[in-house]
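Raw data-v8.json, JSON, C-alpha atoms:
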[["chain", "number", "residue", "atom", "x", "y", "z"],
["Z", 12, "MET", "CA", 176.05, 208.42, 178.10],
["Z", 13, "SER", "CA", 173.18, 210.84, 177.92],
["Z", 14, "PRO", "CA", 169.97, 209.84, 179.66],
["Z", 15, "GLY", "CA", 168.02, 207.20, 177.83],
["Z", 16, "LYS", "CA", 170.97, 206.10, 175.75],
["Z", 17, "THR", "CA", 171.94, 202.46, 176.07],
["Z", 18, "ILE", "CA", 174.22, 200.06, 174.27],
["Z", 19, "GLU", "CA", 171.14, 198.05, 173.29],
["Z", 20, "PRO", "CA", 171.58, 198.94, 169.57],
["Z", 21, "LEU", "CA", 175.05, 197.35, 169.64],
["Z", 22, "TRP", "CA", 173.59, 194.04, 170.82],
["Z", 23, "TRP", "CA", 170.83, 194.27, 168.24],
["Z", 24, "SER", "CA", 173.26, 194.80, 165.37],
["Z", 25, "LEU", "CA", 175.51, 191.98, 166.57],
["Z", 26, "PHE", "CA", 172.36, 189.86, 166.80],
["Z", 27, "SER", "CA", 171.49, 190.49, 163.17],
["Z", 28, "VAL", "CA", 175.02, 190.19, 161.80],
["Z", 29, "GLY", "CA", 175.43, 186.92, 163.71],
["Z", 30, "GLY", "CA", 172.03, 185.80, 162.44],
["Z", 31, "VAL", "CA", 173.09, 186.37, 158.84],
["Z", 32, "VAL", "CA", 176.34, 184.45, 159.37],
["Z", 33, "ALA", "CA", 174.46, 181.59, 161.05],
["Z", 34, "ALA", "CA", 171.82, 181.47, 158.29],
["Z", 35, "PHE", "CA", 174.34, 181.32, 155.46],
["Z", 36, "LEU", "CA", 177.21, 179.29, 156.91],
["Z", 37, "VAL", "CA", 176.17, 177.07, 159.80],
["Z", 38, "PRO", "CA", 174.03, 174.41, 158.00],
["Z", 39, "VAL", "CA", 176.80, 173.38, 155.60],
["Z", 40, "HIS", "CA", 179.30, 173.12, 158.46],
["Z", 41, "ILE", "CA", 176.97, 170.99, 160.59],
["Z", 42, "PHE", "CA", 176.50, 168.76, 157.56],
["Z", 43, "LEU", "CA", 180.25, 168.54, 156.96],
["Z", 44, "HIS", "CA", 181.73, 168.24, 160.45],
["Z", 45, "GLY", "CA", 178.77, 166.64, 162.17],
["Z", 46, "LEU", "CA", 177.64, 164.10, 159.57],
["Z", 47, "ALA", "CA", 179.66, 163.80, 156.35],
["Z", 48, "LEU", "CA", 183.13, 163.54, 157.92],
["Z", 49, "PRO", "CA", 182.30, 161.31, 160.95],
["Z", 50, "LEU", "CA", 180.16, 158.98, 158.81],
["Z", 51, "GLY", "CA", 182.88, 158.70, 156.19],
["Z", 52, "TRP", "CA", 180.80, 160.09, 153.30],
["Z", 53, "VAL", "CA", 183.76, 162.30, 152.51],
["Z", 54, "ASN", "CA", 187.39, 162.19, 153.55],
["Z", 55, "VAL", "CA", 189.70, 165.08, 154.35],
["Z", 56, "SER", "CA", 193.18, 164.30, 155.63],
["Z", 57, "HIS", "CA", 194.48, 165.87, 158.83],
["Z", 58, "ALA", "CA", 197.31, 167.49, 156.88],
["Z", 59, "ARG", "CA", 194.81, 169.26, 154.63],
["Z", 60, "MET", "CA", 192.70, 170.33, 157.61],
["Z", 61, "LEU", "CA", 195.77, 171.68, 159.38],
["Z", 62, "ALA", "CA", 196.91, 173.54, 156.26],
["Z", 63, "LEU", "CA", 193.45, 175.06, 155.97],
["Z", 64, "VAL", "CA", 193.03, 176.22, 159.57],
["Z", 65, "SER", "CA", 196.58, 177.62, 159.57],
["Z", 66, "HIS", "CA", 195.82, 179.91, 156.65],
["Z", 67, "PRO", "CA", 195.29, 183.53, 157.79],
["Z", 68, "LEU", "CA", 192.22, 184.07, 155.62],
["Z", 69, "VAL", "CA", 190.64, 180.84, 156.85],
["Z", 70, "LYS", "CA", 191.32, 182.01, 160.42],
["Z", 71, "VAL", "CA", 189.45, 185.24, 159.71],
["Z", 72, "TYR", "CA", 186.64, 183.17, 158.20],
["Z", 73, "LEU", "CA", 186.52, 180.88, 161.25],
["Z", 74, "PHE", "CA", 186.50, 183.86, 163.58],
["Z", 75, "VAL", "CA", 183.52, 185.36, 161.76],
["Z", 76, "LEU", "CA", 181.81, 181.97, 161.60],
["Z", 77, "ILE", "CA", 182.24, 181.12, 165.29],
["Z", 78, "ALA", "CA", 182.30, 184.41, 167.18],
["Z", 79, "LEU", "CA", 179.56, 186.48, 165.53],
["Z", 80, "PRO", "CA", 176.70, 183.97, 165.90],
["Z", 81, "LEU", "CA", 177.57, 183.69, 169.61],
["Z", 82, "TYR", "CA", 176.15, 187.23, 169.96],
["Z", 83, "HIS", "CA", 173.15, 186.13, 167.96],
["Z", 84, "TRP", "CA", 172.69, 183.32, 170.48],
["Z", 85, "ALA", "CA", 173.24, 185.63, 173.46],
["Z", 86, "HIS", "CA", 170.58, 188.07, 172.33],
["Z", 87, "ARG", "CA", 167.98, 185.45, 171.50],
["Z", 88, "PHE", "CA", 168.65, 183.30, 174.53],
["Z", 89, "ARG", "CA", 168.31, 186.35, 176.76],
["Z", 90, "PHE", "CA", 164.82, 186.96, 175.42],
["Z", 91, "ILE", "CA", 163.90, 183.27, 175.57],
["Z", 92, "LEU", "CA", 164.62, 183.38, 179.31],
["Z", 93, "GLU", "CA", 162.62, 186.57, 179.70],
["Z", 94, "ASP", "CA", 159.77, 185.12, 177.62],
["Z", 95, "LEU", "CA", 159.72, 182.12, 179.94],
["Z", 96, "GLY", "CA", 159.00, 184.47, 182.80],
["Z", 97, "LEU", "CA", 162.36, 185.34, 184.35],
["Z", 98, "HIS", "CA", 161.66, 189.08, 184.30],
["Z", 99, "GLY", "CA", 163.05, 189.58, 187.76],
["Z", 100, "PHE", "CA", 166.56, 188.77, 186.57],
["Z", 101, "ARG", "CA", 166.90, 191.00, 183.53],
["Z", 102, "ALA", "CA", 170.32, 192.38, 184.42],
["Z", 103, "PRO", "CA", 172.03, 189.14, 185.49],
["Z", 104, "ILE", "CA", 170.57, 187.34, 182.46],
["Z", 105, "ALA", "CA", 171.92, 190.00, 180.10],
["Z", 106, "VAL", "CA", 175.35, 189.96, 181.75],
["Z", 107, "LEU", "CA", 175.47, 186.17, 181.63],
["Z", 108, "CYS", "CA", 174.39, 185.92, 177.98],
["Z", 109, "TYR", "CA", 176.52, 188.70, 176.48],
["Z", 110, "GLY", "CA", 179.33, 187.80, 178.86],
["Z", 111, "SER", "CA", 179.35, 184.21, 177.59],
["Z", 112, "ALA", "CA", 179.54, 185.49, 174.02],
["Z", 113, "ILE", "CA", 182.51, 187.70, 174.94],
["Z", 114, "VAL", "CA", 184.24, 184.77, 176.65],
["Z", 115, "GLY", "CA", 183.56, 182.70, 173.53],
["Z", 116, "THR", "CA", 185.06, 185.42, 171.35],
["Z", 117, "VAL", "CA", 188.24, 185.48, 173.44],
["Z", 118, "ALA", "CA", 188.44, 181.67, 173.39],
["Z", 119, "THR", "CA", 188.00, 181.68, 169.59],
["Z", 120, "LEU", "CA", 190.81, 184.24, 169.20],
["Z", 121, "TRP", "CA", 193.02, 182.21, 171.53],
["Z", 122, "VAL", "CA", 192.50, 178.95, 169.63],
["Z", 123, "LEU", "CA", 192.95, 180.56, 166.21],
["Z", 124, "ILE", "CA", 196.07, 182.53, 167.13],
["Z", 125, "ARG", "CA", 197.80, 179.53, 168.66],
["Z", 126, "ILE", "CA", 197.38, 177.25, 165.63],
["J", 28, "MET", "CA", 177.66, 212.53, 181.39],
["J", 29, "SER", "CA", 177.54, 211.45, 184.97],
["J", 30, "GLU", "CA", 174.03, 212.48, 185.95],
["J", 31, "ALA", "CA", 171.97, 209.55, 187.04],
["J", 32, "ARG", "CA", 169.75, 208.04, 184.38],
["J", 33, "PRO", "CA", 166.10, 208.48, 185.15],
["J", 34, "ALA", "CA", 164.65, 205.31, 186.53],
["J", 35, "ARG", "CA", 163.19, 203.18, 183.79],
["J", 36, "PRO", "CA", 159.47, 203.52, 183.68],
["J", 37, "GLY", "CA", 157.93, 200.46, 185.20],
["J", 38, "LEU", "CA", 157.65, 197.76, 182.58],
["J", 39, "TYR", "CA", 154.47, 195.79, 182.51],
["J", 40, "TYR", "CA", 154.75, 192.04, 182.25],
["J", 41, "PRO", "CA", 151.60, 190.05, 181.77],
["J", 42, "LYS", "CA", 151.49, 187.16, 184.18],
["J", 43, "LEU", "CA", 151.86, 184.08, 182.04],
["J", 44, "PRO", "CA", 152.81, 180.53, 182.90],
["J", 45, "ALA", "CA", 156.17, 179.41, 181.48],
["J", 46, "THR", "CA", 154.27, 177.15, 179.09],
["J", 47, "TRP", "CA", 152.30, 179.98, 177.38],
["J", 48, "TRP", "CA", 153.97, 179.20, 174.06],
["J", 49, "LEU", "CA", 152.37, 175.73, 173.91],
["J", 50, "ARG", "CA", 148.93, 177.24, 173.48],
["J", 51, "ARG", "CA", 148.98, 177.92, 169.76],
["J", 52, "PRO", "CA", 150.91, 176.43, 166.84],
["J", 53, "GLY", "CA", 152.12, 179.91, 165.93],
["J", 54, "TYR", "CA", 153.57, 180.40, 169.43],
["J", 55, "VAL", "CA", 155.27, 176.99, 169.21],
["J", 56, "ARG", "CA", 156.81, 177.95, 165.87],
["J", 57, "PHE", "CA", 157.99, 181.21, 167.41],
["J", 58, "MET", "CA", 159.66, 179.35, 170.29],
["J", 59, "LEU", "CA", 161.20, 176.78, 167.93],
["J", 60, "ARG", "CA", 162.64, 179.65, 165.89],
["J", 61, "GLU", "CA", 164.09, 181.27, 168.98],
["J", 62, "VAL", "CA", 165.55, 177.98, 170.21],
["J", 63, "THR", "CA", 167.47, 177.47, 166.94],
["J", 64, "CYS", "CA", 170.13, 179.76, 168.41],
["J", 65, "VAL", "CA", 170.91, 177.20, 171.14],
["J", 66, "PHE", "CA", 171.74, 174.50, 168.59],
["J", 67, "VAL", "CA", 173.78, 176.92, 166.52],
["J", 68, "ALA", "CA", 175.77, 177.99, 169.59],
["J", 69, "ILE", "CA", 176.41, 174.42, 170.80],
["J", 70, "PHE", "CA", 177.64, 173.44, 167.35],
["J", 71, "LEU", "CA", 179.94, 176.46, 167.07],
["J", 72, "VAL", "CA", 181.55, 175.68, 170.43],
["J", 73, "GLU", "CA", 182.00, 172.13, 169.16],
["J", 74, "LEU", "CA", 183.51, 173.45, 165.91],
["J", 75, "LEU", "CA", 185.96, 175.51, 167.94],
["J", 76, "VAL", "CA", 186.96, 172.32, 169.80],
["J", 77, "ILE", "CA", 187.40, 170.55, 166.45],
["J", 78, "VAL", "CA", 189.65, 173.36, 165.20],
["J", 79, "TYR", "CA", 191.63, 173.19, 168.45],
["J", 80, "LYS", "CA", 192.05, 169.41, 168.07],
["J", 81, "ILE", "CA", 193.22, 169.79, 164.48],
["J", 82, "GLY", "CA", 196.02, 171.91, 165.89],
["J", 83, "GLN", "CA", 196.87, 169.18, 168.42],
["J", 84, "GLY", "CA", 197.96, 166.67, 165.79],
["J", 85, "PRO", "CA", 196.62, 163.83, 163.61],
["J", 86, "GLN", "CA", 195.93, 161.38, 166.46],
["J", 87, "VAL", "CA", 193.99, 163.84, 168.60],
["J", 88, "TYR", "CA", 191.95, 164.90, 165.58],
["J", 89, "ALA", "CA", 191.27, 161.27, 164.57],
["J", 90, "ASP", "CA", 190.07, 160.53, 168.11],
["J", 91, "MET", "CA", 187.73, 163.52, 167.94],
["J", 92, "VAL", "CA", 186.23, 162.38, 164.62],
["J", 93, "ALA", "CA", 185.86, 158.85, 166.04],
["J", 94, "LYS", "CA", 183.97, 160.28, 169.02],
["J", 95, "LEU", "CA", 181.62, 162.12, 166.66],
["J", 96, "GLN", "CA", 180.70, 158.78, 165.07],
["J", 97, "SER", "CA", 178.74, 157.72, 168.14],
["J", 98, "PRO", "CA", 174.95, 157.48, 167.63],
["J", 99, "GLY", "CA", 174.33, 160.19, 170.22],
["J", 100, "TRP", "CA", 176.41, 162.75, 168.34],
["J", 101, "ILE", "CA", 174.93, 161.75, 164.97],
["J", 102, "VAL", "CA", 171.40, 162.20, 166.31],
["J", 103, "PHE", "CA", 172.40, 165.53, 167.82],
["J", 104, "HIS", "CA", 173.80, 166.71, 164.49],
["J", 105, "VAL", "CA", 170.70, 165.64, 162.57],
["J", 106, "VAL", "CA", 168.54, 167.59, 165.02],
["J", 107, "ALA", "CA", 170.97, 170.54, 165.04],
["J", 108, "LEU", "CA", 170.98, 170.60, 161.23],
["J", 109, "ALA", "CA", 167.17, 170.69, 161.19],
["J", 110, "PHE", "CA", 167.17, 173.62, 163.63],
["J", 111, "ALA", "CA", 169.92, 175.41, 161.70],
["J", 112, "LEU", "CA", 167.91, 175.06, 158.49],
["J", 113, "TYR", "CA", 164.84, 176.36, 160.32],
["J", 114, "HIS", "CA", 166.88, 179.40, 161.33],
["J", 115, "THR", "CA", 168.00, 179.90, 157.72],
["J", 116, "ILE", "CA", 164.43, 179.65, 156.39],
["J", 117, "THR", "CA", 162.90, 181.95, 159.01],
["J", 118, "TRP", "CA", 165.79, 184.41, 158.72],
["J", 119, "PHE", "CA", 165.44, 184.70, 154.94],
["J", 120, "GLN", "CA", 161.69, 185.06, 155.34],
["J", 121, "ALA", "CA", 162.19, 187.94, 157.76],
["J", 122, "THR", "CA", 164.82, 189.46, 155.48],
["J", 123, "GLY", "CA", 162.27, 189.69, 152.70],
["J", 124, "VAL", "CA", 160.04, 191.76, 154.96],
["J", 125, "ILE", "CA", 162.69, 193.93, 156.61],
["J", 126, "GLN", "CA", 165.26, 194.53, 153.92],
["J", 127, "VAL", "CA", 163.93, 196.88, 151.27],
["J", 128, "VAL", "CA", 165.96, 196.51, 148.08],
["J", 129, "ARG", "CA", 165.51, 199.20, 145.46],
["J", 130, "VAL", "CA", 166.53, 199.20, 141.84],
["J", 131, "GLY", "CA", 166.20, 202.75, 140.63],
["J", 132, "ASP", "CA", 162.90, 204.01, 142.01],
["J", 133, "ARG", "CA", 161.37, 200.58, 142.16],
["J", 134, "GLN", "CA", 161.29, 198.28, 145.14],
["J", 135, "VAL", "CA", 162.30, 194.72, 144.39],
["J", 136, "PRO", "CA", 159.35, 192.50, 145.43],
["J", 137, "PRO", "CA", 160.10, 190.81, 148.80],
["J", 138, "PRO", "CA", 159.67, 187.26, 147.41],
["J", 139, "LEU", "CA", 162.44, 188.05, 144.93],
["J", 140, "VAL", "CA", 164.71, 189.25, 147.77],
["J", 141, "VAL", "CA", 164.02, 186.00, 149.62],
["J", 142, "ALA", "CA", 164.73, 183.97, 146.49],
["J", 143, "GLY", "CA", 167.98, 185.88, 146.01],
["J", 144, "ASN", "CA", 169.01, 184.95, 149.55],
["J", 145, "TYR", "CA", 168.34, 181.27, 148.86],
["J", 146, "VAL", "CA", 170.37, 181.37, 145.66],
["J", 147, "ALA", "CA", 173.26, 183.07, 147.46],
["J", 148, "TRP", "CA", 173.01, 180.54, 150.30],
["J", 149, "VAL", "CA", 173.18, 177.55, 147.93],
["J", 150, "VAL", "CA", 176.12, 179.08, 146.05],
["J", 151, "VAL", "CA", 178.02, 179.81, 149.28],
["J", 152, "SER", "CA", 177.34, 176.32, 150.69],
["J", 153, "LEU", "CA", 178.44, 174.59, 147.49],
["J", 154, "PHE", "CA", 181.53, 176.77, 147.35],
["J", 155, "ILE", "CA", 182.51, 175.77, 150.91],
["J", 156, "LEU", "CA", 182.02, 172.07, 150.08],
["J", 157, "TYR", "CA", 184.04, 172.50, 146.89],
["J", 158, "TRP", "CA", 186.81, 174.37, 148.70],
["J", 159, "LEU", "CA", 187.14, 171.75, 151.41],
["J", 160, "LEU", "CA", 186.60, 168.59, 149.41],
["J", 161, "VAL", "CA", 187.76, 169.19, 145.86],
["J", 162, "ARG", "CA", 190.35, 171.94, 145.76],
["J", 163, "SER", "CA", 193.96, 170.83, 146.14]]
Take the structure in the file and write it out as structure tokens.
Amino acid sequence: MSPGKTIEPLWWSLFSVGGVVAAFLVPVHIFLHGLALPLGWVNVSHARMLALVSHPLVKVYLFVLIALPLYHWAHRFRFILEDLGLHGFRAPIAVLCYGSAIVGTVATLWVLIRI
Amino acid sequence: MSEARPARPGLYYPKLPATWWLRRPGYVRFMLREVTCVFVAIFLVELLVIVYKIGQGPQVYADMVAKLQSPGWIVFHVVALAFALYHTITWFQATGVIQVVRVGDRQVPPPLVVAGNYVAWVVVSLFILYWLLVRS
């Protein structure tokens, strides 16, 4: 990399793509899986759920839904920690945040491929 | 390629207590907006666990849903939903400012861009509900 060049723009674009995904898709899924299904407002059989998550297109959807906002989290959480005064640990914080998102991405792939 | 990068110029950090964001309502709203990402991330990890449990069979999945019926989880999901909606609202608001949409030579007024986002969001959300609950 030439002097002054960083991979910062990559994290920024993942931040915004993940932010868009989170803004559009996460509320309805929290409502569904966190409230409507456990409280019995709606009912979806296990067979239907399994058929859905086994479908290749749904797997792609779930990958986008789960993995991309993890980078959104990583980027924001990194700056929350810095805003709270942890300036002395910029590098470890960045590694920990983006690293967690990468681990989450691998875990998501693993779960989706094995179903 | 391999020459050492020049040392970053010293960055200046104002000395602030960790509670600086409690000083003004605007700062609090800023911090609340930033914290939305934590709730989103926790829920997505949880969703991944749900997907995993679906793959483990009907009983494992039923146990998972039963666990999510506990008051603690319900409260968490109400709070998480509120934060997720706050993210959606603030994100669309920012989109209206950042994303310049042009039709011909004219710029679409930002409030219209924001409104378009809301319409798209409602359509997408209803479609997901329809897909999961009604179809087949």
Fill in: Distance filter 7 Å, all atoms listed in the file, chain Z against chain J, as a PyMOL selection string
chain Z and resi 12-15+34-39+41-42+45-46+49-50+55+57+60-61+77+81+84+87+91+95-96+119+122+126
Fill in: Atom-to-atom span, CA of Gln120 in chain J and CA of Val135 in chain J, Å
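These atoms are spaced 14.6 Å apart.
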Discussion item. Measuring between all atoms listed in the file, which one of Z:Val114, Z:Leu48, Z:Leu97, Z:Cys108 shows the shortest distance to Trp22 in chain Z?
Written reply: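 For Trp22 in chain Z, the nearest of the candidates is Z:Cys108.
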Item to complete: Kindly give the distance, in Å, that separates CA of Ser24 in chain Z and CA of Val71 in chain Z, rounded to a single decimal.
Response: 19.6 Å
Fill in: Separation of CA of Phe100 in chain Z from CA of Ala85 in chain Z in Å
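That distance, rounded to one decimal, is 15.0 Å.
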Practice prompt. Counting all atoms listed in the file, figure out which residue out of Z:Leu92, Z:Ile113, Z:Leu76, Z:Ile18 gets nearest to Ala33 in chain Z.
Written response: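 For Ala33 in chain Z, the nearest of the given residues is Z:Leu76.
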Any chance you could build range 79-90 of chain Z out to all heavy atoms and write it as a PDB file, keeping the file's coordinate frame?
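The resulting file, selection_25.pdb, is reproduced below:
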ATOM      1  N   LEU Z  79     180.721 185.600 165.725  1.00  0.00           N
ATOM      2  CA  LEU Z  79     179.560 186.480 165.530  1.00  0.00           C
ATOM      3  C   LEU Z  79     178.233 185.828 165.906  1.00  0.00           C
ATOM      4  O   LEU Z  79     177.420 186.445 166.601  1.00  0.00           O
ATOM      5  CB  LEU Z  79     179.539 187.023 164.101  1.00  0.00           C
ATOM      6  CG  LEU Z  79     180.653 188.034 163.800  1.00  0.00           C
ATOM      7  CD1 LEU Z  79     180.562 188.538 162.365  1.00  0.00           C
ATOM      8  CD2 LEU Z  79     180.598 189.206 164.774  1.00  0.00           C
ATOM      9  N   PRO Z  80     177.980 184.568 165.490  1.00  0.00           N
ATOM     10  CA  PRO Z  80     176.700 183.970 165.900  1.00  0.00           C
ATOM     11  C   PRO Z  80     176.573 183.752 167.409  1.00  0.00           C
ATOM     12  O   PRO Z  80     175.465 183.541 167.900  1.00  0.00           O
ATOM     13  CB  PRO Z  80     176.676 182.624 165.146  1.00  0.00           C
ATOM     14  CG  PRO Z  80     177.544 182.849 163.961  1.00  0.00           C
ATOM     15  CD  PRO Z  80     178.650 183.736 164.472  1.00  0.00           C
ATOM     16  N   LEU Z  81     177.684 183.806 168.146  1.00  0.00           N
ATOM     17  CA  LEU Z  81     177.570 183.690 169.610  1.00  0.00           C
ATOM     18  C   LEU Z  81     176.768 184.874 170.157  1.00  0.00           C
ATOM     19  O   LEU Z  81     176.011 184.743 171.122  1.00  0.00           O
ATOM     20  CB  LEU Z  81     178.953 183.644 170.266  1.00  0.00           C
ATOM     21  CG  LEU Z  81     179.775 182.376 170.008  1.00  0.00           C
ATOM     22  CD1 LEU Z  81     181.107 182.471 170.747  1.00  0.00           C
ATOM     23  CD2 LEU Z  81     179.018 181.128 170.458  1.00  0.00           C
ATOM     24  N   TYR Z  82     176.917 186.060 169.530  1.00  0.00           N
ATOM     25  CA  TYR Z  82     176.150 187.230 169.960  1.00  0.00           C
ATOM     26  C   TYR Z  82     174.700 187.102 169.540  1.00  0.00           C
ATOM     27  O   TYR Z  82     173.788 187.598 170.218  1.00  0.00           O
ATOM     28  CB  TYR Z  82     176.788 188.511 169.423  1.00  0.00           C
ATOM     29  CG  TYR Z  82     178.157 188.726 170.025  1.00  0.00           C
ATOM     30  CD1 TYR Z  82     179.289 188.176 169.442  1.00  0.00           C
ATOM     31  CD2 TYR Z  82     178.302 189.425 171.219  1.00  0.00           C
ATOM     32  CE1 TYR Z  82     180.536 188.331 170.014  1.00  0.00           C
ATOM     33  CE2 TYR Z  82     179.542 189.579 171.800  1.00  0.00           C
ATOM     34  CZ  TYR Z  82     180.656 189.027 171.192  1.00  0.00           C
ATOM     35  OH  TYR Z  82     181.893 189.164 171.771  1.00  0.00           O
ATOM     36  N   HIS Z  83     174.510 186.443 168.404  1.00  0.00           N
ATOM     37  CA  HIS Z  83     173.150 186.130 167.960  1.00  0.00           C
ATOM     38  C   HIS Z  83     172.478 185.231 168.999  1.00  0.00           C
ATOM     39  O   HIS Z  83     171.349 185.484 169.429  1.00  0.00           O
ATOM     40  CB  HIS Z  83     173.228 185.426 166.597  1.00  0.00           C
ATOM     41  CG  HIS Z  83     171.921 184.907 166.118  1.00  0.00           C
ATOM     42  ND1 HIS Z  83     170.976 185.714 165.537  1.00  0.00           N
ATOM     43  CD2 HIS Z  83     171.390 183.658 166.128  1.00  0.00           C
ATOM     44  CE1 HIS Z  83     169.925 184.984 165.225  1.00  0.00           C
ATOM     45  NE2 HIS Z  83     170.148 183.739 165.573  1.00  0.00           N
ATOM     46  N   TRP Z  84     173.213 184.199 169.436  1.00  0.00           N
ATOM     47  CA  TRP Z  84     172.690 183.320 170.480  1.00  0.00           C
ATOM     48  C   TRP Z  84     172.399 184.111 171.762  1.00  0.00           C
ATOM     49  O   TRP Z  84     171.322 183.978 172.359  1.00  0.00           O
ATOM     50  CB  TRP Z  84     173.707 182.211 170.799  1.00  0.00           C
ATOM     51  CG  TRP Z  84     173.403 181.532 172.102  1.00  0.00           C
ATOM     52  CD1 TRP Z  84     172.505 180.533 172.304  1.00  0.00           C
ATOM     53  CD2 TRP Z  84     173.962 181.851 173.384  1.00  0.00           C
ATOM     54  NE1 TRP Z  84     172.464 180.209 173.646  1.00  0.00           N
ATOM     55  CE2 TRP Z  84     173.344 181.002 174.328  1.00  0.00           C
ATOM     56  CE3 TRP Z  84     174.914 182.775 173.829  1.00  0.00           C
ATOM     57  CZ2 TRP Z  84     173.657 181.047 175.695  1.00  0.00           C
ATOM     58  CZ3 TRP Z  84     175.223 182.820 175.191  1.00  0.00           C
ATOM     59  CH2 TRP Z  84     174.599 181.962 176.100  1.00  0.00           C
ATOM     60  N   ALA Z  85     173.370 184.912 172.181  1.00  0.00           N
ATOM     61  CA  ALA Z  85     173.240 185.630 173.460  1.00  0.00           C
ATOM     62  C   ALA Z  85     171.964 186.458 173.486  1.00  0.00           C
ATOM     63  O   ALA Z  85     171.202 186.440 174.455  1.00  0.00           O
ATOM     64  CB  ALA Z  85     174.460 186.517 173.693  1.00  0.00           C
ATOM     65  N   HIS Z  86     171.731 187.163 172.388  1.00  0.00           N
ATOM     66  CA  HIS Z  86     170.580 188.070 172.330  1.00  0.00           C
ATOM     67  C   HIS Z  86     169.266 187.291 172.351  1.00  0.00           C
ATOM     68  O   HIS Z  86     168.341 187.627 173.085  1.00  0.00           O
ATOM     69  CB  HIS Z  86     170.696 188.899 171.054  1.00  0.00           C
ATOM     70  CG  HIS Z  86     169.884 190.150 171.082  1.00  0.00           C
ATOM     71  ND1 HIS Z  86     170.192 191.202 171.911  1.00  0.00           N
ATOM     72  CD2 HIS Z  86     168.785 190.521 170.389  1.00  0.00           C
ATOM     73  CE1 HIS Z  86     169.300 192.169 171.714  1.00  0.00           C
ATOM     74  NE2 HIS Z  86     168.438 191.782 170.798  1.00  0.00           N
ATOM     75  N   ARG Z  87     169.217 186.224 171.549  1.00  0.00           N
ATOM     76  CA  ARG Z  87     167.980 185.450 171.500  1.00  0.00           C
ATOM     77  C   ARG Z  87     167.737 184.697 172.799  1.00  0.00           C
ATOM     78  O   ARG Z  87     166.620 184.647 173.284  1.00  0.00           O
ATOM     79  CB  ARG Z  87     168.029 184.440 170.340  1.00  0.00           C
ATOM     80  CG  ARG Z  87     167.452 184.985 169.086  1.00  0.00           C
ATOM     81  CD  ARG Z  87     167.087 183.909 168.095  1.00  0.00           C
ATOM     82  NE  ARG Z  87     166.239 184.511 167.083  1.00  0.00           N
ATOM     83  CZ  ARG Z  87     166.066 184.008 165.867  1.00  0.00           C
ATOM     84  NH1 ARG Z  87     166.659 182.900 165.515  1.00  0.00           N
ATOM     85  NH2 ARG Z  87     165.280 184.610 165.012  1.00  0.00           N
ATOM     86  N   PHE Z  88     168.804 184.112 173.321  1.00  0.00           N
ATOM     87  CA  PHE Z  88     168.650 183.300 174.530  1.00  0.00           C
ATOM     88  C   PHE Z  88     168.203 184.164 175.691  1.00  0.00           C
ATOM     89  O   PHE Z  88     167.386 183.747 176.518  1.00  0.00           O
ATOM     90  CB  PHE Z  88     169.981 182.605 174.855  1.00  0.00           C
ATOM     91  CG  PHE Z  88     169.829 181.463 175.814  1.00  0.00           C
ATOM     92  CD1 PHE Z  88     169.094 180.341 175.471  1.00  0.00           C
ATOM     93  CD2 PHE Z  88     170.417 181.506 177.069  1.00  0.00           C
ATOM     94  CE1 PHE Z  88     168.945 179.288 176.357  1.00  0.00           C
ATOM     95  CE2 PHE Z  88     170.266 180.458 177.956  1.00  0.00           C
ATOM     96  CZ  PHE Z  88     169.534 179.347 177.598  1.00  0.00           C
ATOM     97  N   ARG Z  89     168.717 185.390 175.731  1.00  0.00           N
ATOM     98  CA  ARG Z  89     168.310 186.350 176.760  1.00  0.00           C
ATOM     99  C   ARG Z  89     166.791 186.533 176.727  1.00  0.00           C
ATOM    100  O   ARG Z  89     166.119 186.497 177.758  1.00  0.00           O
ATOM    101  CB  ARG Z  89     169.021 187.664 176.490  1.00  0.00           C
ATOM    102  CG  ARG Z  89     168.530 188.814 177.293  1.00  0.00           C
ATOM    103  CD  ARG Z  89     169.104 190.107 176.772  1.00  0.00           C
ATOM    104  NE  ARG Z  89     168.524 191.226 177.471  1.00  0.00           N
ATOM    105  CZ  ARG Z  89     168.680 192.489 177.096  1.00  0.00           C
ATOM    106  NH1 ARG Z  89     169.410 192.776 176.051  1.00  0.00           N
ATOM    107  NH2 ARG Z  89     168.111 193.458 177.768  1.00  0.00           N
ATOM    108  N   PHE Z  90     166.259 186.709 175.501  1.00  0.00           N
ATOM    109  CA  PHE Z  90     164.820 186.960 175.420  1.00  0.00           C
ATOM    110  C   PHE Z  90     164.003 185.683 175.578  1.00  0.00           C
ATOM    111  O   PHE Z  90     162.845 185.748 175.991  1.00  0.00           O
ATOM    112  CB  PHE Z  90     164.489 187.697 174.119  1.00  0.00           C
ATOM    113  CG  PHE Z  90     164.907 189.135 174.189  1.00  0.00           C
ATOM    114  CD1 PHE Z  90     165.977 189.605 173.454  1.00  0.00           C
ATOM    115  CD2 PHE Z  90     164.253 190.006 175.054  1.00  0.00           C
ATOM    116  CE1 PHE Z  90     166.380 190.933 173.555  1.00  0.00           C
ATOM    117  CE2 PHE Z  90     164.653 191.324 175.165  1.00  0.00           C
ATOM    118  CZ  PHE Z  90     165.720 191.796 174.416  1.00  0.00           C
TER     119      PHE Z  90
END
